[in-house]
Structures are given as C-alpha cells and as structure tokens.
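Below is one structure, written out as structure tokens, with a few remarks after it.
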Amino acid sequence: MTKIAKDKLRLNNQDISNQDQKNNDQAPYLESLKSYVKQYKIQNGETPTYFIQTFGCQQNENDSEIIAGIMDASGFISAENYEVADISIINTCSIRENADTRLFGHLGILKTLKQQNKNRFTMLCGCMMTQDQHLEKIKKSFSFVNLIFGPHDIYRLPHLLWDSLENDKQIIAVSKENLMPSQENLPITRSRKFRALVSIMYGCNNFCTFCIVPYTRGREISRSFSSIIKEIISLRDEGYTEIMLLGQNVNAWGKDFRDEKEKPKNFAELLEAVAQIEGIKRIRYMSPNPRDIDQQLIDTIGKYKNIEPHMHLPLQSGSNRILKLMGRRHDRERYLEIVRQLRKARPEISLTTDIIVGFPGETEQDFADTLDLMEQVKFDSAFTFIYSAREGTPAAKFKNNSDPEQISQRFQRLIELQNTHSLEANNKVISQVEEVLLEGISHGNKNILTGRTADFKLINLSIPQEIYQTLPSEAINDQGNLNGNYFEGKYCLVKLNKAKTFSIEGEMVEIQC
Ligand code: SAH
Ligand code: SF4
Ligand code: F3S
C-alpha cells in the first residue's frame, strides 16, 4: 500500500492498552481507516481493494465475515483474487496437516506477487497464527507479511490495521487469552443471503487427544443469551429465515456462565428461545458433541419443527478402545442410545458425522467396530479423515506403527460403505415433494438451481417450462441464464426425482414469490 503523509490523516493515535481492549472501542480507528482510504483515493485515483481467502470451519468463515465488514466499513472494496487486490488476507486453519501446507502454497504465490509490486499488503490470521512454529517459519521465509493476528484479536483489527498501514510497520499481535470479543460492536458483511452464521461460543474444553482446536481457540466462552437473541432478531428483520448457531462444542453453550442471571440457561433453552422467534423458519447448529446431549435437548428438538431435522454428531470411531484413547467422553453404546432417542423424538431426522481412520494403534478389529456402528446407524453422510498428527496434542506423542498403505485401504472401505448408505438415504425420499431453500446456481450448469431440504440434503433442480415462463425479468441475467442473486434465499417446492450419492435431482413444483 502507498504510504500517506501523516498530516493528511485525522489521527486517533492511541496506544493499544488493556483498558482499550476491554472497552473494545474501535470506532475511532474505523474513522482513521476511512480517512486513510479517502486519502489513498486522492493520491492514487482509485479505491484500495482487498481479497480474503478463508480456510477451515464455519467459525472461521464467520470471522472472515467480520473482517470483510471492517474492510467494507472503512471504504476498501472487495476484489476477486490476490492478483487484483491491494490487500491480501488469509484466514488460516490448523486442523490437519494439509491445511498448514495449503497456507504455505498460497504464501508462495503472494511472495512472487510482492516481488512484482512492493506496495502490496498481506495480512494473516486464524488458528495457525497461534502456533509458534508457524510464526517462526513465516518470519524467516515470508518476512514480507505486514500484519499477523490471531482468532482472539479480530475485535481490535481496526486499530491493528490502521497502525500497520499508517506507520508502515510489521505488526504481530496474537493474543493467547480469549478476551471475549464483543462482536456486536463490529461491522459484518455476510457472505450468504440464505443462511446467517451466528457464533454463540468460542473455544473448546474437551481436549480430544488428536485435536488442535483447544490450543488455537482457547477455553470455552459463551456469548450472552441477550446478545445472541438480539443478533438473531436483527437478522430476522433483515430478511434471514435460516440461522446457523456455531461453536466448536455448540451444545456446551452456557456451561461456563458464572453470572447468576445467565446461569440457569443451557443450549436446549437457547435453542427453544430461538425457535420461538417469529419468522425464523430453519435453525441449524454445528457441531454438537455427544458428551453434552441430554434428554432436555432431545425433547426440544422433538418439539419445535423449525429446529432442523438434522444433527451432525461427530462419532470419530466406533471402537470403545480408540474412543478412550481419543479422550472422547462417549462410547459406542451411548452414541447408539442418542441415535435411538433422536429418532424416537424426530423420526424424519437425518444424521451426519465425522470419522477418523488410522488413529495411532487402530487395529483391524477397531476399524471393524467403526464399520459395524456405521451399519447400525446408516448415516445420511459423513466427513471422513485420515488421522493427521498435530504438534502439541497428546496423540502426536502416541506410538504410531500404522502402515500408510493399510490406512489408505481402510479409508477407501469406509468411503465405499458410506457412499452406499448415502445413496440409500437419498433413494428413500425419491418421488416426494419437499421444501427447498435455494442457495444459488449449480457450478456445473447455469440453468440448474441448488438448495437444501430442511434435513440438509443437497438438491439440484431444474425449472419446468410452465414455471420458467412466469418468472419475472430479474430472474434471468443478460446472458439468458438464471440469475442466482434472484433465487438465493427463496423457498420452493421440489419433486425429488433421482438419487445420487451426494445429491438429489429434482424439478421445481412451485416457487415462493
Ligand atoms: N468440534 C467438532 C470438531 C471440529 S474439527 C467436534 O468435536 O465435533 C472437525 C473434524 O475434524 C473432527 O470432528 C475430526 O473428525 C476431524 N479432525 C480433527 N482433528 C483431526 C486430526 N488431527 N486428524 C484427522 N482429523 C481430525
Ligand atoms: Fe476438537 Fe474434541 Fe473440541 Fe471437537 S470437541 S473441537 S474434536 S477437542
Ligand atoms: Fe480449523 Fe481453527 Fe476451525 S483449526 S477447523 S479454523 S477452529
């Protein structure tokens, strides 16, 4: 970025102090950033642009929405890719080794671009930044990076960014402690029109032995009931009908409350309160942990039809021996019991899961237990992962004699079994008519729409001629294809015609206007 003379700026040059963090008064820095952008325009004749690349989970996506909100509120304009952006931002993830590797691949691209244009500005944030080994590598091999901050520092981004741009200095500001960002004071640019992400808690206390999250995101901190409800009501007023409550351990919400006023509230009560907000048609949540599923939660899911008939309930392994080594607090019997209760409360519920193959010491018998449990549950779909050792986690020190060839064969067997179950589940609903919330245009075909049923099945649908003819002109773009923007967030009824492994093909029967 081109440096701007200090006297041209309306400065609010205060030091970052602890008090400042607690007050979270970023408004003056947002004003300074606005002045920066104005001056940049005067000097360069164009508005500075930014591009955000997000890796990782939906909580990272939600963080990127706040970062985009801060950039937009300051007057920067979003760009399509690194090449055309003045500011490149990468929000990193550390969950498996390939996530780390991808960051360094992207930094390689940015290094080349920086050599071509010295004025480019680079920002890194997210979970990888909380780990010293990555910071060391970046300092050594990618020293051109201008600003580094962690997941706990987003709330002070206006200050950090302004300081780094204005004073042309490299800033590394990674807080180890979660100071509970008071997110409601920050601007946000939501990436979707059909589903609003709402973080309800941060961090995780479970310390599963394979997982890096408790080290990168810190201990569990729940957002207050009133601030969550306030955000959801304002989302409803903006027109959102689908809400996704987010937390690494979402159903542990409220367990950390010390304040007497908040104390009686738990996740089931929060869910119930959200379900009672008029106009909220679909409530999703991600990810619950089997450890904190109780009867009250199951009853609530049974009682409110606008709580999605879908639960993503990570299993990790079907072997009690491995679950114990993983530090999971559930065994296969408890998991199956939860599944039974959920299906009793909500017979139409779809179940999805996460499974890890090749955890240190996994035997053929352990793996057979996982396949057996999958046969008993028949998940609608599953995310399957090969175990990846994460530096700093207990499992990284476990003896691991596993044969990569054998693990990869197990992984294939797991995928094959899951694929048959997914196809079976999709076949069950063929010839039914279901309500679909439209998410946009299919990547492969510009005249096919995509959307989700209430139980989160992915639907690709065509529009029959008789409905196509009734569409208003804004539904079709200049090239004569469907205009995704018009359809995003609308509901329609779809006749489900053909099951595939990962999606269902259907035809629109009726569209909401
Ligand atoms: N909080 C969620 C998990 C978030 S991470 C939960 O507890 O359910 C998403 C998934 O990544 C995990 O469920 C797990 O299956 C997988 N995962 C996490 N750490 C991993 C590792 N070290 N190797 C392979 N997969 C991992
Ligand atoms: Fe990781 Fe376990 Fe926490 Fe999930 S519950 S984020 S797997 S430590
Ligand atoms: Fe990745 Fe951090 Fe999310 S490690 S999965 S971005 S919590």
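Residue numbers start at 1 in each chain; chains themselves are named A, B, ... in the order of the structure tokens; ligands are numbered from 1 in the order shown.
Using only C-alpha atoms, the contacts of range 413-427 of chain A at a cut-off of 6 Å, with sequence neighbours closer than 5 positions omitted, comprise Lys378, Asp380, Ser381, Ala499, Lys500 and Thr501 of chain A.
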Once you count only C-alpha atoms and all ligand atoms, what closest atom pair and distance in Å to one decimal does each residue of chain A within 9 Å of ligand 1 have, with rows by chain and rising residue number, as a Markdown table?
| residue | atom | partner | partner_atom_place_in_ligand_line | distance |
| --- | --- | --- | --- | --- |
| A:Gly56 | CA | ligand 1 | 5 (S) | 8.8 |
| A:Cys57 | CA | ligand 1 | 5 (S) | 7.6 |
| A:Ser94 | CA | ligand 1 | 19 (N) | 8.7 |
| A:Ile95 | CA | ligand 1 | 19 (N) | 5.2 |
| A:Arg96 | CA | ligand 1 | 21 (C) | 5.3 |
| A:Glu97 | CA | ligand 1 | 22 (N) | 8.0 |
| A:Cys204 | CA | ligand 1 | 1 (N) | 7.5 |
| A:Asn206 | CA | ligand 1 | 7 (O) | 8.0 |
| A:Cys208 | CA | ligand 1 | 7 (O) | 7.9 |
| A:Thr209 | CA | ligand 1 | 22 (N) | 8.4 |
| A:Phe210 | CA | ligand 1 | 22 (N) | 4.6 |
| A:Cys211 | CA | ligand 1 | 19 (N) | 4.2 |
| A:Ile212 | CA | ligand 1 | 19 (N) | 6.5 |
| A:Val213 | CA | ligand 1 | 5 (S) | 7.4 |
| A:Gly247 | CA | ligand 1 | 1 (N) | 7.3 |
| A:Gln248 | CA | ligand 1 | 1 (N) | 3.9 |
| A:Asn249 | CA | ligand 1 | 1 (N) | 5.1 |
| A:Val250 | CA | ligand 1 | 1 (N) | 7.9 |
| A:Met286 | CA | ligand 1 | 2 (C) | 7.9 |
| A:Ser287 | CA | ligand 1 | 8 (O) | 5.2 |
| A:Pro288 | CA | ligand 1 | 8 (O) | 6.2 |
| A:Asn289 | CA | ligand 1 | 8 (O) | 5.5 |
| A:Pro290 | CA | ligand 1 | 8 (O) | 8.4 |
| A:His312 | CA | ligand 1 | 8 (O) | 8.1 |
| A:Leu313 | CA | ligand 1 | 8 (O) | 6.6 |
| A:Pro314 | CA | ligand 1 | 8 (O) | 4.7 |
| A:Leu315 | CA | ligand 1 | 13 (O) | 7.5 |
| A:Gln316 | CA | ligand 1 | 15 (O) | 5.4 |
| A:Ser317 | CA | ligand 1 | 15 (O) | 9.0 |
| A:Arg328 | CA | ligand 1 | 7 (O) | 8.9 |
| A:Thr353 | CA | ligand 1 | 13 (O) | 7.7 |
| A:Asp354 | CA | ligand 1 | 15 (O) | 4.5 |
| A:Ile355 | CA | ligand 1 | 15 (O) | 5.0 |
| A:Ile356 | CA | ligand 1 | 15 (O) | 5.3 |
| A:Val357 | CA | ligand 1 | 24 (C) | 7.8 |
| A:Gly358 | CA | ligand 1 | 24 (C) | 8.7 |
| A:Phe359 | CA | ligand 1 | 23 (N) | 7.9 |
| A:Phe383 | CA | ligand 1 | 15 (O) | 7.2 |
| A:Thr384 | CA | ligand 1 | 15 (O) | 6.9 |
| A:Phe385 | CA | ligand 1 | 25 (N) | 5.0 |
| A:Ile386 | CA | ligand 1 | 24 (C) | 5.3 |
| A:Tyr387 | CA | ligand 1 | 23 (N) | 3.8 |
| A:Ser388 | CA | ligand 1 | 23 (N) | 3.8 |
| A:Ala389 | CA | ligand 1 | 22 (N) | 5.3 |
| A:Arg390 | CA | ligand 1 | 22 (N) | 5.5 |
| A:Thr393 | CA | ligand 1 | 22 (N) | 8.4 |
| A:Ala395 | CA | ligand 1 | 22 (N) | 8.3 |
| A:Ala396 | CA | ligand 1 | 22 (N) | 8.5 |
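The shortest atom-to-atom distance to Ser175 in chain A, with only C-alpha atoms taken into account, belongs to A:Cys125 out of A:Glu220, A:Lys137, A:Phe367, A:Cys125.
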* From range 209-303 of chain A, collect each residue whose DSSP state is helix (DSSP H, G or I) and return the set as a PyMOL selection string. => chain A and resi 213-217+225-238+250-252+267-275+290-292+295-303
* Asked: Pick from A:Tyr285, A:Phe104, A:Phe411, A:Tyr215: nearest to ligand 2, with only C-alpha atoms and all ligand atoms counted?
  ->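 Going through A:Tyr285, A:Phe104, A:Phe411, A:Tyr215 one by one, the smallest distance to ligand 2 is for A:Tyr215.
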* **Proximity to Asp294 in chain A - best of A:Asn205, A:Gln341, A:Asn98, A:Asn320, only C-alpha atoms** =>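 Smallest separation from Asp294 in chain A among the options: A:Gln341.
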* Extract, using only C-alpha atoms, all DNA, RNA and protein residues at most 9 Å from Ala173 in chain A, discarding same-chain residues fewer than 4 positions from it, and format them as a list in words. =>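 Skipping anything fewer than 4 positions along the chain leaves Leu147, Ile148, Phe149, Gly150, Asp153 and Leu160 of chain A.
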* Asked: From the set A:Asn119, A:Gln59, A:Thr352, A:Gln365, which residue has the shortest atom-to-atom contact distance to ligand 2, counting only C-alpha atoms and all ligand atoms?
  ->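 When distances to ligand 2 are compared using only C-alpha atoms and all ligand atoms, the smallest one comes from A:Gln59.
The list of residues with at least one atom within 8 Å of Ala73 in chain A, based on only C-alpha atoms and without residues fewer than 6 positions apart in the same chain, reads Leu30, Lys34 and Pro187 of chain A.
When only C-alpha atoms and all ligand atoms are used to measure the gap to ligand 2, the shortest distance among A:Gly440, A:Pro347, A:Gly327, A:Gly489 belongs to A:Gly327.
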* Once DSSP has gone over the backbone, tell me which residues of range 36-138 of chain A are in strand (DSSP E or B), as a list in words. =>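 Of range 36-138 of chain A, the ones in strand (DSSP E or B) are Thr49, Tyr50, Phe51, Ile52, Gln53, Thr54, Ile77, Ser78, Ile87, Ser88, Ile89, Ile90, Asn91, Thr92, Phe121, Thr122, Met123, Leu124, Cys125 and Gly126 of chain A.
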* Neighbours of Ser78 in chain A within 10 Å (only C-alpha atoms; same-chain residues fewer than 4 positions away dropped), as a PyMOL selection string? -> chain A and resi 48-52+68+71-72+84-87
Restrict the selected residues to all heavy atoms and save them as an mmCIF file, in the first residue's frame.
data_model
loop_
_atom_site.group_PDB
_atom_site.id
_atom_site.type_symbol
_atom_site.label_atom_id
_atom_site.label_comp_id
_atom_site.auth_asym_id
_atom_site.auth_seq_id
_atom_site.Cartn_x
_atom_site.Cartn_y
_atom_site.Cartn_z
ATOM 1 N N PRO A 48 -8.582 1.495 -2.734
ATOM 2 C CA PRO A 48 -7.820 0.272 -2.448
ATOM 3 C C PRO A 48 -8.747 -0.937 -2.256
ATOM 4 O O PRO A 48 -9.853 -0.808 -1.744
ATOM 5 C CB PRO A 48 -7.079 0.603 -1.150
ATOM 6 C CG PRO A 48 -7.853 1.697 -0.517
ATOM 7 C CD PRO A 48 -8.525 2.458 -1.623
ATOM 8 N N THR A 49 -8.274 -2.106 -2.693
ATOM 9 C CA THR A 49 -9.122 -3.305 -2.686
ATOM 10 C C THR A 49 -8.538 -4.397 -1.781
ATOM 11 O O THR A 49 -7.352 -4.381 -1.464
ATOM 12 C CB THR A 49 -9.253 -3.875 -4.107
ATOM 13 O OG1 THR A 49 -7.938 -4.166 -4.570
ATOM 14 C CG2 THR A 49 -9.922 -2.908 -5.051
ATOM 15 N N TYR A 50 -9.398 -5.354 -1.388
ATOM 16 C CA TYR A 50 -8.933 -6.468 -0.548
ATOM 17 C C TYR A 50 -9.539 -7.769 -1.020
ATOM 18 O O TYR A 50 -10.614 -7.787 -1.633
ATOM 19 C CB TYR A 50 -9.304 -6.219 0.930
ATOM 20 C CG TYR A 50 -10.778 -6.400 1.209
ATOM 21 C CD1 TYR A 50 -11.283 -7.626 1.670
ATOM 22 C CD2 TYR A 50 -11.684 -5.366 0.983
ATOM 23 C CE1 TYR A 50 -12.648 -7.803 1.909
ATOM 24 C CE2 TYR A 50 -13.043 -5.537 1.212
ATOM 25 C CZ TYR A 50 -13.518 -6.750 1.673
ATOM 26 O OH TYR A 50 -14.854 -6.930 1.886
ATOM 27 N N PHE A 51 -8.838 -8.855 -0.719
ATOM 28 C CA PHE A 51 -9.357 -10.196 -1.028
ATOM 29 C C PHE A 51 -9.089 -11.094 0.180
ATOM 30 O O PHE A 51 -7.975 -11.107 0.712
ATOM 31 C CB PHE A 51 -8.657 -10.758 -2.276
ATOM 32 C CG PHE A 51 -8.988 -12.214 -2.519
ATOM 33 C CD1 PHE A 51 -10.258 -12.600 -2.922
ATOM 34 C CD2 PHE A 51 -8.019 -13.196 -2.327
ATOM 35 C CE1 PHE A 51 -10.564 -13.944 -3.135
ATOM 36 C CE2 PHE A 51 -8.313 -14.539 -2.544
ATOM 37 C CZ PHE A 51 -9.593 -14.910 -2.941
ATOM 38 N N ILE A 52 -10.127 -11.826 0.624
ATOM 39 C CA ILE A 52 -9.946 -12.737 1.771
ATOM 40 C C ILE A 52 -10.030 -14.178 1.306
ATOM 41 O O ILE A 52 -11.011 -14.568 0.668
ATOM 42 C CB ILE A 52 -11.026 -12.547 2.864
ATOM 43 C CG1 ILE A 52 -11.161 -11.081 3.257
ATOM 44 C CG2 ILE A 52 -10.713 -13.399 4.095
ATOM 45 C CD1 ILE A 52 -12.188 -10.815 4.351
ATOM 46 N N ALA A 68 -14.345 -8.855 6.695
ATOM 47 C CA ALA A 68 -14.880 -8.186 5.492
ATOM 48 C C ALA A 68 -15.712 -6.969 5.894
ATOM 49 O O ALA A 68 -15.653 -5.920 5.248
ATOM 50 C CB ALA A 68 -15.721 -9.157 4.674
ATOM 51 N N MET A 71 -13.391 -4.140 6.695
ATOM 52 C CA MET A 71 -12.785 -3.587 5.473
ATOM 53 C C MET A 71 -13.813 -2.738 4.711
ATOM 54 O O MET A 71 -13.503 -1.634 4.271
ATOM 55 C CB MET A 71 -12.270 -4.715 4.563
ATOM 56 C CG MET A 71 -11.228 -5.631 5.180
ATOM 57 S SD MET A 71 -9.788 -4.800 5.848
ATOM 58 C CE MET A 71 -8.895 -4.367 4.357
ATOM 59 N N ASP A 72 -15.034 -3.276 4.579
ATOM 60 C CA ASP A 72 -16.072 -2.543 3.836
ATOM 61 C C ASP A 72 -16.437 -1.241 4.548
ATOM 62 O O ASP A 72 -16.586 -0.197 3.917
ATOM 63 C CB ASP A 72 -17.335 -3.409 3.662
ATOM 64 C CG ASP A 72 -17.081 -4.592 2.750
ATOM 65 O OD1 ASP A 72 -16.085 -4.572 2.001
ATOM 66 O OD2 ASP A 72 -17.866 -5.572 2.800
ATOM 67 N N VAL A 84 -5.504 -9.097 -8.174
ATOM 68 C CA VAL A 84 -6.033 -7.742 -8.374
ATOM 69 C C VAL A 84 -6.281 -7.009 -7.049
ATOM 70 O O VAL A 84 -6.808 -5.898 -7.052
ATOM 71 C CB VAL A 84 -7.336 -7.768 -9.204
ATOM 72 C CG1 VAL A 84 -7.055 -8.194 -10.627
ATOM 73 C CG2 VAL A 84 -8.377 -8.692 -8.567
ATOM 74 N N ALA A 85 -5.873 -7.608 -5.930
ATOM 75 C CA ALA A 85 -6.156 -6.970 -4.631
ATOM 76 C C ALA A 85 -4.927 -6.211 -4.114
ATOM 77 O O ALA A 85 -3.797 -6.672 -4.262
ATOM 78 C CB ALA A 85 -6.576 -8.032 -3.625
ATOM 79 N N ASP A 86 -5.170 -5.042 -3.509
ATOM 80 C CA ASP A 86 -4.060 -4.319 -2.853
ATOM 81 C C ASP A 86 -3.735 -4.963 -1.515
ATOM 82 O O ASP A 86 -2.588 -4.973 -1.080
ATOM 83 C CB ASP A 86 -4.469 -2.852 -2.614
ATOM 84 C CG ASP A 86 -4.722 -2.130 -3.918
ATOM 85 O OD1 ASP A 86 -3.797 -2.110 -4.745
ATOM 86 O OD2 ASP A 86 -5.856 -1.629 -4.130
ATOM 87 N N ILE A 87 -4.779 -5.477 -0.836
ATOM 88 C CA ILE A 87 -4.564 -6.140 0.458
ATOM 89 C C ILE A 87 -5.014 -7.592 0.344
ATOM 90 O O ILE A 87 -6.166 -7.868 -0.019
ATOM 91 C CB ILE A 87 -5.376 -5.442 1.580
ATOM 92 C CG1 ILE A 87 -4.932 -3.988 1.728
ATOM 93 C CG2 ILE A 87 -5.228 -6.194 2.900
ATOM 94 C CD1 ILE A 87 -5.578 -3.237 2.881
#
* Pick from A:Thr189, A:Thr370, A:Ser88, A:Thr363, whichever lies nearest to Asp403 in chain A using only C-alpha atoms -> A:Thr363
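For the pair CA of Gly506 in chain A and CA of Tyr491 in chain A, the interatomic distance is 14.2 Å.
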* Using only C-alpha atoms, determine which residues lie at most 10 Å from range 271-278 of chain A, disregarding the query and same-chain residues fewer than 6 positions distant; provide the list as number ranges by chain. => A: 225, 228-229, 232-233, 236, 241, 243, 245, 251, 284-285, 297, 300-301, 303-307
* Skip Glu61 in chain A itself and residues of its chain fewer than 5 positions away, then list as an NGL selection string all residues within 10 Å of it, counting only C-alpha atoms. => :A and (53-56 or 66-67 or 91 or 190-191 or 197)
For the residues in that selection, give me N, CA, C and O atoms as an mmCIF file, in the first residue's frame.
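Written file, selection-v7.cif:
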data_model
loop_
_atom_site.group_PDB
_atom_site.id
_atom_site.type_symbol
_atom_site.label_atom_id
_atom_site.label_comp_id
_atom_site.auth_asym_id
_atom_site.auth_seq_id
_atom_site.Cartn_x
_atom_site.Cartn_y
_atom_site.Cartn_z
ATOM 1 N N GLN A 53 -9.023 -14.972 1.638
ATOM 2 C CA GLN A 53 -9.063 -16.420 1.402
ATOM 3 C C GLN A 53 -9.300 -17.088 2.758
ATOM 4 O O GLN A 53 -8.515 -16.882 3.696
ATOM 5 N N THR A 54 -10.374 -17.872 2.860
ATOM 6 C CA THR A 54 -10.687 -18.489 4.152
ATOM 7 C C THR A 54 -10.501 -19.999 4.097
ATOM 8 O O THR A 54 -11.061 -20.654 3.220
ATOM 9 N N PHE A 55 -9.719 -20.532 5.020
ATOM 10 C CA PHE A 55 -9.628 -21.981 5.193
ATOM 11 C C PHE A 55 -10.372 -22.358 6.473
ATOM 12 O O PHE A 55 -10.581 -21.519 7.336
ATOM 13 N N GLY A 56 -10.733 -23.651 6.590
ATOM 14 C CA GLY A 56 -11.236 -24.129 7.882
ATOM 15 C C GLY A 56 -12.732 -24.152 8.026
ATOM 16 O O GLY A 56 -13.475 -24.238 7.045
ATOM 17 N N ILE A 66 -16.653 -10.915 9.585
ATOM 18 C CA ILE A 66 -16.406 -9.719 10.403
ATOM 19 C C ILE A 66 -15.239 -8.919 9.811
ATOM 20 O O ILE A 66 -15.291 -7.691 9.711
ATOM 21 N N ILE A 67 -14.195 -9.640 9.379
ATOM 22 C CA ILE A 67 -13.048 -8.947 8.773
ATOM 23 C C ILE A 67 -13.522 -8.186 7.525
ATOM 24 O O ILE A 67 -13.181 -7.014 7.333
ATOM 25 N N ASN A 91 -7.149 -16.271 6.129
ATOM 26 C CA ASN A 91 -7.648 -16.725 7.426
ATOM 27 C C ASN A 91 -7.363 -18.231 7.506
ATOM 28 O O ASN A 91 -7.977 -19.016 6.793
ATOM 29 N N ARG A 190 -22.056 -10.243 5.512
ATOM 30 C CA ARG A 190 -22.389 -11.671 5.451
ATOM 31 C C ARG A 190 -22.206 -12.194 4.032
ATOM 32 O O ARG A 190 -22.539 -11.527 3.071
ATOM 33 N N SER A 191 -21.657 -13.425 3.961
ATOM 34 C CA SER A 191 -21.346 -13.933 2.633
ATOM 35 C C SER A 191 -22.542 -14.618 1.968
ATOM 36 O O SER A 191 -22.513 -14.872 0.780
ATOM 37 N N LEU A 197 -24.713 -17.022 9.759
ATOM 38 C CA LEU A 197 -23.904 -17.709 10.765
ATOM 39 C C LEU A 197 -23.887 -16.871 12.043
ATOM 40 O O LEU A 197 -23.655 -15.663 11.990
#
* Two-atom distance - CA of Arg346 in chain A, CA of Gly302 in chain A (Å) -> 5.2 Å
